[in-house]
Amino acid sequence: MDESRPIFLQIAELIESEILAGALLEGMQAPSTTEIAAFHRINPATALKGVTLLVDEGILVKRRGIGMFVADGARDRILARRRATFDDDFVTPILAEAAAIGIDPDQLIDRIRKAAPR
Amino acid sequence: MTSTATAPPSTAAIQARGLSRHYGRVRAVDDVSFAIPTGTICGLLGRNGAGKSTVMQLVTGQEFPSSGEVLLDGEHPVENARVLSRVAFIKESQKYPDDFRPKHVLAAAPSFFEHWDADFAARLVDEFRLPVNTRIKKLSRGQLSSIGVIVGLAARAPITLLDEPYLGLDAVARQLFYDTLLADYAAHPRTILLSTHLIDEVADLLEHVLVIDDGRIIIDAAADDLRGRAMTVVGREGEVEAFVRGRTVLHRDRLGSIASVTVDDVTAADRAAATAAGLELGAVSLQQLIVRSTTVDDSTGTAA
């Protein structure tokens with residue numbers, strides 16, 4: 001776990017990433033908070049807080065007495081949000097590092113083109 | 001409607017109010033107040049001699065407060081059998097009769113703990129490889145600790161206090177303890193107060209953190225709120241010093257013209273500002289935060 005951020009946010013992001021990767025499909029049952037806590041060796045209340053965040057955001061839905069399931073449309077909602085924050089999360093830092101070592105934006109674009117798999 | 005009218009207000013499992021214990025001039029515990037919510041795993045962290053064990057002895061009625069009070073489920077613990085039957089207290093330096101063997105401890109446990117699970121205890125004896133027929137005097141420090149860990153877990157007491165429960169346990173046995181604690185807590189929720197100085201190892205298991213230093217509580221917070229509360233800023237000395245001016249500085253290091261300064265009470269905006277200023281940010285673990293908060297650091301000019 002990353003020391004600088006709350007664990008519950010990291011748990012929520014991990015579950016989202018599994019949905020994005022197709023490891024958890026819409027309609028499938030999500031791992032229980034007990035399973036999440038045991039797997040990551042974290043406090044169950046913290047795991048529950050991460051899951052609750054995803055319920056509040058409509059990514060997971062609770063079926064009483066059964067457990068948590070991946071909501072319909074969850075993948076699209078996660079994609080939309082991650083695309084919205086992509087510039088802040090990735091583009092701005094890479095531009096800052098490029099500027100610090102004397103790579104201008106055009107050169108950066110060339111480098112990205114070369115590095116991208118075809 | 002008398003049944004609803006008589007329902008007691010929800011109380012903390014453990015509540016201390018102005019709690020003090022003085023030995024002559026030594027203030028082992030000095031005007032401490034805290035509340036541990038029912039059903040949480042709480043860490044009681046601090047240096048040796050900070051007052052952790054005294055707090056636990058006060059909580060379990062084994063020591064009398066010099067002033068203030070402590071309540072368990074809203075009741076005073078001292079000589080209160082009804083309250084103490086719900087409490088398991090595993091002491092760092094538990095003493096046993098000279099001719100005792102671990103099997104005697106396990107046989108006696110059900111009469112102290114009404115929720116004692118003998119099958120669970122037997123499983124733990126196997127997993128921790130505790131020799132139950134050896135005289136306790138002959139056991140290693142780690143084996144002695146494993147008796148406490150087994151009794152503390154198998155007691156399933158609604159209020160469980162574990163004081164440095166795993167001195168001498170090796171890394172494998174400690175991991176076994178953490179995993180068993182989490183699994184059993186999930187299946188049988190209860191209030192657990194755990195004191196330890198292996199902070200990095202338990203940080204992720206805790207829901208709440210109390211840090212005691214020199215008899216006083218200096219941190220009382222949700223564990224997740226403490227993550228990211230402090231950060232280390234690294235860069236050219238002048239830029240770092242400009243950024244940290246007016247902030248709570250916990251620690252300073254210097255390497256040539258590069259400064260590394262740990263600051264407390266950091267917001268997301270602070271992080272963005274530091275990054276924009278070209279400074280490197282480093283995470284500060286709970287252990288580092290506590291080390292920095294409980295050390296008199298000459299470089300900051302204050303007792304941090």
# chains A, B, ... in the order shown; residues from 1 in each chain; ligands from 1
$ closest_atom_pairs --of "chain A" --to "chain B" --cutoff "7 Å" --atoms "only C-alpha atoms" --output "tab-separated table"
residue	atom	partner	partner_atom	distance
A:Glu3	CA	B:Ser285	CA	5.5
A:Ser4	CA	B:Gly228	CA	4.0
A:Arg5	CA	B:Gly228	CA	5.3
A:Pro6	CA	B:Asp224	CA	4.9
A:Ile7	CA	B:Asp224	CA	6.4
A:Thr34	CA	B:Ala186	CA	6.2
A:Ala38	CA	B:Ala183	CA	6.6
A:Arg41	CA	B:Leu205	CA	6.8
A:Ile42	CA	B:Leu205	CA	4.8
A:Asn43	CA	B:Leu205	CA	4.5
A:Pro44	CA	B:Ala186	CA	6.7
A:Ala45	CA	B:Glu207	CA	7.0
A:Thr46	CA	B:Glu207	CA	6.9
$ select_by_dssp --residues "segment 33-237 of chain B" --states "alpha helix (DSSP H)" --output "ChimeraX atom specification"
/B:52-59,81-84,102-112,118-127,141-154,171-187,199-202,223-226,237
$ closest_residue --among "A:Gly22, A:Pro117, A:Gly50, A:Gly27" --to "Ala71 of chain A" --atoms "only C-alpha atoms"
A:Gly27
$ select_by_dssp --residues "segment 59-297 of chain B" --states "strand (DSSP E)" --output "number ranges by chain"
B: 67-72, 87-90, 159-163, 191-196, 208-213, 216-222, 231-236, 249-255, 258-263, 280-283
$ closest_residue --among "B:Asp200, B:Glu239, B:Asp214, B:Glu92" --to "Gly168 of chain B" --atoms "only C-alpha atoms"
B:Glu92
$ residues_around --residues "Asp72 of chain A" --least-positions-apart "3" --cutoff "12 Å" --atoms "only C-alpha atoms" --output "PyMOL selection string"
chain A and resi 19+24-28+58-61+69+75-78
$ atom_distance --atom1 "atom CA of Lys103 of chain B" --atom2 "atom CA of Asn133 of chain B"
6.3 Å
$ closest_residue --among "B:Leu45, B:Leu167, B:Ala88, B:Leu161" --to "Ile219 of chain B" --atoms "only C-alpha atoms"
B:Leu45
$ atom_distance --atom1 "atom CA of Ser195 of chain B" --atom2 "atom CA of Val249 of chain B"
26.8 Å
